[in-house]
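A short worksheet on the structure shown next.
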Amino acid sequence: MNFLLEIGVEEVPAHLVTPSIEQLKKRTSDFLEEHKVTFQDIKIFSTPRRLSVLIIDIAPTSKAYEEELRGPSIKVAKDNDGNWTKAALGFVKGKGGNESDLVEKDGYVYYQNKVLGIETSEILQSIGREVIEQMKFSTYMKWANNSFQFVRPIRWILAKLGEKTVDFEVVGVRSSNYTYGHRVLSQDAFNEVDDLLGRKITIENPEEYQNKLFENFVIVDADQRKQEIRLQIQKIAADNNWVVDIDEDLLEEVNNILEMPTLFLGQFDQKYLEIPDEVLITSMKDNQRYFYVTNQEGKLLPYFIAARNGDDRRIDNIVAGNEKVLVARLEDADFFFKEDSKKSISEFMEKVDNLVFHAKIGSVKEHMSRSLVVATAVAKMLNLDIDSKDIKRAFEIYKFDLTTNMVNEFDELQGVMSGHYARIFGENSTVSDALYEQYLPTSAEGILPKTPLGALLSTADRIDSLISFFAAGFIPNGANDPYALRRAANGIIRIIENMEWNIDLDQLLETVISDYSVNSYGLNEEVVSNLEKVEPEVISFFIDRLRQNNSEVRSDLLDSALTKNNDLILSDYQNRIDVLQNHAGDENFNVTIENLKRISNIVEKETNFDEIDPALFETEQEKNLYQAVSNITNDSLDDLYIDLTKLVPSIQDFFESVMVNAEDPRIKNNRLALLNSVNLLSEKLGDVKKIVSK
């Protein structure tokens, strides 16, 4: 027997459809498990107008079970003659039992309660109250005079357990055995109208749900609908020998605004191809939900592919309407591009002087000046092969596009337009490319800057934001991160790793904060006074980011790898995590860690170590361990770990044959120094004492 629940709603915003159906699935599963109703699987269906779950092979009743309820202590439950007291009898009566159900255990009296299974149909009558009414959303709506809120107004509820309709009510909407087809097509096909919701469809049992909706022009399976969109796009592209970048985020969005997709082809005048590709793509993809088209060489073509929520009747009118809307946006873009191109960077920078970055931390221009301080420190620390004139020029102008007409209209193009305009205004390719890359990466998996100056620009800009906002007290807390500082830190980590920059974050922050404290660069007095406590907070923030980014890794391995040592090279920390994670399943992992722990526990009690003197070795085991350690080349952390595993037999032989605490203090100190040489190597992997080993 299967159970089907469909919540019919007014159109849900595209970005909320998928998280809403995932939440309904989770809450329904938890509801059934809490009520001890077993099932085989849950299938989900969604469109902008419906959220549905199909429970496969749901049990007819909940599981029977026994529970022990603890009552008063034996001292209270029995009198001196061993008879049950009023306290005990009152306890068991209150639970619906009698004295024969009482059991003595652990100094207390318990009631052995046998809970019988309950009809699943009866349990499901509370699904409206316990599941639907408990759902949470980032956006809510109220309707009519109801105090209840949902993502969008609920218009119908379908609830079928086999052939039986499960009866319950949510905010005045009673569950039923019917749903509705496509709002327009189902009415056209069957000439029936029902309050503009579409054709009313009776569902006799859950198994016919998908087919009946398909007959009424609704593909209710989101994955199936998405695949249909993909196939139609690919056919149009193949028929014209084009290439279409099927952006997965755009595909997801388009999928969640349709119930029956029909893809069509539109076009625009070639003259608009003189506008930068990014402007055209933004106009099509972000503003109109169109898929852009290129030739086989990747050159943008004056065509687009869009989707209609319906069939292909009167499709010519739909195509013409979409082309008209797009051309209007492209006309605006063309005008803005030409007007901006008539000006100069200096004109735009004059307006940047008036832009406030944040009231407590100065203007955009002052933020740019602070970022140059960071960049200068990084370039010096890494000895970057970048012309200092290019660095200075890039940081003098990189925010100029904020005052252009194009960015005012299309704020998604920040940075991109500064790169394009910089070329038009005569900046060299090094500076122009860097300006183009300044916001990369724009997402967790987004592309990274390719040029050294672009990477430096992006990194320095983000580091200044972290320092400045932390000093101003705007530290992310819980889900609250209004200035996207977590994203900034993640971007820095990814850039540094990609560029293979060994930045000592301790040293960098100390250098930059010292400069800020003297020159302030627009930071108010309160913020400047807070700078001295920022360094440990920012470092802790980066460590936390690394922990969150590796949440699938065992917590003890993370604790070990993320233990701070004298310097903070972010790429080293990630390498530590990777090495420990990659080798944690090795057969000899626990033996290796146990031996390294033993050494660490011994040497941590000491503070000063002598130089190792091979002449003081008294045993072959000392000599063998010393030679084995001397042979470790330390080329990479992974190589180091492997070398340490090879060191284990020598360590074990040492402890079996050598007494560390020798009577002669010179011999003792020499042996401690030898063990410390091993410990210094293991510390490169983290604090091995924090690893749980058996």
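Naming scheme: A, B, ... for chains in displayed order of the structure tokens; residues 1 onward per chain; ligands 1 onward as shown.
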Polymer residues at most 12 Å from Thr459 (chain A), only C-alpha atoms, same-chain spacing of 6 or more positions, as a PyMOL selection string: chain A and resi 371-379+434+437-441+448-449+452-453+465-466+487-499+501+503
Using the selection just defined, write its residues with C-alpha atoms as a compact mmCIF listing (two decimals), in the first residue's frame.
# COMPACT_ATOMS: atom_id res chain seq x y z
CA SER A 371 43.84 46.83 0.04
CA LEU A 372 47.02 48.20 -1.56
CA VAL A 373 48.73 47.97 1.85
CA VAL A 374 47.74 44.30 2.01
CA ALA A 375 48.84 43.66 -1.58
CA THR A 376 52.21 45.30 -1.02
CA ALA A 377 52.83 43.13 2.04
CA VAL A 378 51.82 39.95 0.20
CA ALA A 379 53.92 40.78 -2.87
CA ALA A 434 43.39 41.78 -13.08
CA GLU A 437 39.20 38.97 -12.17
CA GLN A 438 38.87 41.05 -8.99
CA TYR A 439 35.62 39.41 -7.77
CA LEU A 440 36.63 35.83 -8.57
CA PRO A 441 35.62 33.40 -7.24
CA LEU A 448 39.43 31.41 -9.80
CA PRO A 449 41.66 34.27 -10.99
CA PRO A 452 48.97 36.69 -10.48
CA LEU A 453 47.81 40.33 -10.27
CA SER A 465 37.31 43.45 4.34
CA LEU A 466 37.96 40.80 6.99
CA ARG A 487 32.53 33.68 1.43
CA ALA A 488 35.47 36.11 1.42
CA ALA A 489 37.57 33.80 3.61
CA ASN A 490 36.70 30.76 1.50
CA GLY A 491 37.70 32.68 -1.61
CA ILE A 492 41.07 33.57 -0.08
CA ILE A 493 41.70 29.93 0.88
CA ARG A 494 40.90 28.71 -2.63
CA ILE A 495 43.00 31.39 -4.35
CA ILE A 496 46.04 30.79 -2.12
CA GLU A 497 45.83 27.04 -2.69
CA ASN A 498 45.40 27.46 -6.45
CA MET A 499 48.31 29.93 -6.74
CA TRP A 501 51.21 30.86 -2.27
CA ILE A 503 51.48 33.13 2.90
Who sits within 8 Å of Met260 (chain A), only C-alpha atoms, same chain under 2 positions skipped, as JSON, numbers by chain: {"A": [182, 217, 218, 219, 225, 258, 262, 308, 309, 310, 311]}
Mind writing the picked residues with C-alpha atoms as a PDB file, in the first residue's frame?
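Output below, filename out-v7.pdb:
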ATOM      1  CA  HIS A 182      -2.159  22.457 -15.973  1.00  0.00           C
ATOM      2  CA  PHE A 217      -0.306  18.410 -19.193  1.00  0.00           C
ATOM      3  CA  VAL A 218       1.731  18.286 -16.001  1.00  0.00           C
ATOM      4  CA  ILE A 219       5.093  16.515 -15.748  1.00  0.00           C
ATOM      5  CA  ARG A 225      10.834  17.515 -16.507  1.00  0.00           C
ATOM      6  CA  LEU A 258       7.200  25.126 -15.553  1.00  0.00           C
ATOM      7  CA  THR A 262       8.133  23.637 -24.629  1.00  0.00           C
ATOM      8  CA  ARG A 308       7.284  28.148 -22.368  1.00  0.00           C
ATOM      9  CA  ASN A 309       4.979  26.653 -19.742  1.00  0.00           C
ATOM     10  CA  GLY A 310       2.664  25.091 -22.279  1.00  0.00           C
ATOM     11  CA  ASP A 311       2.527  23.575 -25.757  1.00  0.00           C
TER      12      ASP A 311
END
Backbone-only DSSP, helix (DSSP H, G or I) members of region 138-285 of chain A, as a ChimeraX atom specification: /A:185-190,206-215,222-240,248-255,270-274,277-285
Given the selection you just returned, output its residues as a file containing C-alpha atoms, formatted as a tab-separated table (two decimals), in the first residue's frame.
chain	number	residue	atom	x	y	z
A	185	LEU	CA	-3.86	23.46	-21.07
A	186	SER	CA	-6.05	21.09	-19.07
A	187	GLN	CA	-8.97	23.51	-19.38
A	188	ASP	CA	-8.42	24.01	-23.10
A	189	ALA	CA	-8.33	20.26	-23.70
A	190	PHE	CA	-11.37	19.36	-21.65
A	206	PRO	CA	-1.52	6.90	-5.59
A	207	GLU	CA	-0.28	4.69	-8.44
A	208	GLU	CA	-2.23	6.62	-11.11
A	209	TYR	CA	-1.11	10.05	-9.90
A	210	GLN	CA	1.75	10.67	-12.35
A	211	ASN	CA	-0.06	9.38	-15.43
A	212	LYS	CA	-3.26	11.28	-14.74
A	213	LEU	CA	-1.35	14.52	-14.29
A	214	PHE	CA	0.62	13.88	-17.49
A	215	GLU	CA	-2.69	13.38	-19.32
A	222	ALA	CA	11.04	17.37	-11.50
A	223	ASP	CA	13.92	15.19	-12.73
A	224	GLN	CA	11.88	13.96	-15.68
A	225	ARG	CA	10.83	17.51	-16.51
A	226	LYS	CA	14.42	18.73	-16.30
A	227	GLN	CA	15.59	15.97	-18.63
A	228	GLU	CA	12.87	16.91	-21.11
A	229	ILE	CA	14.10	20.52	-21.09
A	230	ARG	CA	17.68	19.36	-21.60
A	231	LEU	CA	16.74	17.11	-24.53
A	232	GLN	CA	14.76	19.84	-26.27
A	233	ILE	CA	17.68	22.29	-25.93
A	234	GLN	CA	20.13	19.72	-27.26
A	235	LYS	CA	17.89	19.00	-30.26
A	236	ILE	CA	17.64	22.69	-31.18
A	237	ALA	CA	21.43	23.01	-30.86
A	238	ALA	CA	22.09	19.87	-32.92
A	239	ASP	CA	19.67	20.91	-35.66
A	240	ASN	CA	21.59	24.18	-36.09
A	248	GLU	CA	22.79	23.82	-14.23
A	249	ASP	CA	21.61	26.67	-12.00
A	250	LEU	CA	19.64	28.21	-14.87
A	251	LEU	CA	18.24	24.79	-15.79
A	252	GLU	CA	17.09	24.31	-12.20
A	253	GLU	CA	15.42	27.71	-12.18
A	254	VAL	CA	13.67	27.21	-15.51
A	255	ASN	CA	12.56	23.75	-14.44
A	270	GLN	CA	23.72	41.13	-34.88
A	271	LYS	CA	24.59	44.72	-34.07
A	272	TYR	CA	24.22	43.93	-30.37
A	273	LEU	CA	27.17	41.51	-30.61
A	274	GLU	CA	29.41	44.59	-30.40
A	277	ASP	CA	29.57	39.03	-24.31
A	278	GLU	CA	29.10	39.15	-20.55
A	279	VAL	CA	26.51	41.92	-20.92
A	280	LEU	CA	24.56	39.94	-23.51
A	281	ILE	CA	24.77	36.74	-21.47
A	282	THR	CA	23.64	38.54	-18.32
A	283	SER	CA	20.70	40.07	-20.18
A	284	MET	CA	19.66	36.67	-21.51
A	285	LYS	CA	20.55	34.33	-18.66
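Our summary of the geometry notes that CA of Val171 (chain A) is positioned 23.9 Å from CA of Ala14 (chain A).
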Contacts of Phe337 (chain A) within 9 Å, only C-alpha atoms, excl. fewer than 6 positions in-chain, as a ChimeraX atom specification: /A:275-276,404-406
With N, CA and C atoms retained, export the selected residues as an mmCIF file, in the first residue's frame.
data_model
loop_
_atom_site.group_PDB
_atom_site.id
_atom_site.type_symbol
_atom_site.label_atom_id
_atom_site.label_comp_id
_atom_site.auth_asym_id
_atom_site.auth_seq_id
_atom_site.Cartn_x
_atom_site.Cartn_y
_atom_site.Cartn_z
ATOM 1 N N ILE A 275 28.443 44.629 -28.190
ATOM 2 C CA ILE A 275 28.456 44.769 -26.730
ATOM 3 C C ILE A 275 29.247 43.593 -26.149
ATOM 4 N N PRO A 276 30.001 43.772 -25.063
ATOM 5 C CA PRO A 276 30.724 42.643 -24.465
ATOM 6 C C PRO A 276 29.816 41.439 -24.211
ATOM 7 N N THR A 404 29.770 53.468 -13.211
ATOM 8 C CA THR A 404 29.390 53.449 -14.623
ATOM 9 C C THR A 404 27.897 53.190 -14.773
ATOM 10 N N ASN A 405 27.358 53.608 -15.892
ATOM 11 C CA ASN A 405 25.944 53.361 -16.186
ATOM 12 C C ASN A 405 25.655 51.867 -16.272
ATOM 13 N N MET A 406 26.584 51.132 -16.868
ATOM 14 C CA MET A 406 26.356 49.707 -17.074
ATOM 15 C C MET A 406 26.225 48.961 -15.758
#
Of the listed residues A:Ala673, A:Leu457, A:Val115, A:Ala64, that which approaches Phe609 (chain A) most closely, counting only C-alpha atoms: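 Checking each candidate against Phe609 (chain A), we get A:Ala673 as the closest.
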In region 235-354 of chain A, DSSP strand (DSSP E) residues written as a PyMOL selection string: chain A and resi 243-244+261-267+291-294+300-309
Distance query region 519-536 of chain A at most 12 Å, only C-alpha atoms, self and fewer than 4 positions along chain excluded, as number ranges by chain: A: 356-373, 463-475, 505-515, 540-543, 564, 568
Among listed residues A:Asn113, A:Tyr626, A:Leu89, A:Asp81, nearest Glu67 (chain A) (using only C-alpha atoms):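 Smallest separation from Glu67 (chain A) among the options: A:Asn113.
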Spatial neighbours of region 654-657 of chain A, max dist 7 Å, only C-alpha atoms, sep filter under 3 positions, as a PyMOL selection string: chain A and resi 621-622+650-651
Spatial neighbours of Lys690 (chain A), max dist 10 Å, only C-alpha atoms, sep filter under 4 positions, as a list of chain:residue names: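 That gives A:Ser555, A:Asp556, A:Leu557, A:Leu558, A:Asp559, A:Ser560, A:Ala561, A:Thr563, A:Ile593, A:Lys597, A:Gly686.
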For those residues, write N, CA and C atoms to a file as an mmCIF file, in the first residue's frame.
data_model
loop_
_atom_site.group_PDB
_atom_site.id
_atom_site.type_symbol
_atom_site.label_atom_id
_atom_site.label_comp_id
_atom_site.auth_asym_id
_atom_site.auth_seq_id
_atom_site.Cartn_x
_atom_site.Cartn_y
_atom_site.Cartn_z
ATOM 1 N N SER A 555 36.276 14.237 12.983
ATOM 2 C CA SER A 555 36.544 15.413 13.817
ATOM 3 C C SER A 555 37.907 15.347 14.496
ATOM 4 N N ASP A 556 38.346 14.146 14.891
ATOM 5 C CA ASP A 556 39.659 14.049 15.550
ATOM 6 C C ASP A 556 40.785 14.356 14.584
ATOM 7 N N LEU A 557 40.613 13.971 13.318
ATOM 8 C CA LEU A 557 41.632 14.296 12.316
ATOM 9 C C LEU A 557 41.692 15.800 12.084
ATOM 10 N N LEU A 558 40.514 16.436 12.069
ATOM 11 C CA LEU A 558 40.481 17.896 11.918
ATOM 12 C C LEU A 558 41.122 18.579 13.120
ATOM 13 N N ASP A 559 40.811 18.085 14.315
ATOM 14 C CA ASP A 559 41.408 18.667 15.524
ATOM 15 C C ASP A 559 42.929 18.606 15.449
ATOM 16 N N SER A 560 43.438 17.492 14.960
ATOM 17 C CA SER A 560 44.885 17.327 14.848
ATOM 18 C C SER A 560 45.459 18.248 13.782
ATOM 19 N N ALA A 561 44.888 18.199 12.580
ATOM 20 C CA ALA A 561 45.441 18.955 11.453
ATOM 21 C C ALA A 561 45.334 20.460 11.649
ATOM 22 N N THR A 563 45.477 22.155 14.453
ATOM 23 C CA THR A 563 46.189 22.696 15.613
ATOM 24 C C THR A 563 47.226 23.696 15.113
ATOM 25 N N ILE A 593 50.343 6.183 14.341
ATOM 26 C CA ILE A 593 49.917 7.276 15.222
ATOM 27 C C ILE A 593 50.238 6.959 16.674
ATOM 28 N N LYS A 597 52.467 9.262 18.984
ATOM 29 C CA LYS A 597 51.890 9.792 20.236
ATOM 30 C C LYS A 597 52.824 9.525 21.418
ATOM 31 N N GLY A 686 50.419 17.904 12.267
ATOM 32 C CA GLY A 686 49.448 18.349 13.261
ATOM 33 C C GLY A 686 49.778 17.781 14.621
#
Pick from A:Leu158, A:Ala77, A:Leu672, A:Leu116, whichever lies nearest to Glu104 (chain A) using only C-alpha atoms: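 Closest to Glu104 (chain A), using only C-alpha atoms: A:Ala77.
The smallest atom-to-atom distance between Leu196 (chain A) and any of A:Val184, A:Asp332, A:Lys86, A:Asn608, using only C-alpha atoms, is found for A:Val184.
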Between CA of Val678 (chain A) and CA of Leu616 (chain A) - distance in Å to one decimal: 17.8 Å
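CA of Lys689 (chain A) is found 28.4 Å from CA of Pro614 (chain A).
For the residues A:Thr645, A:Asn216, A:Asn322, A:Thr202, ranking by smallest atom-to-atom distance to Gln267 (chain A) using only C-alpha atoms places A:Asn322 first.
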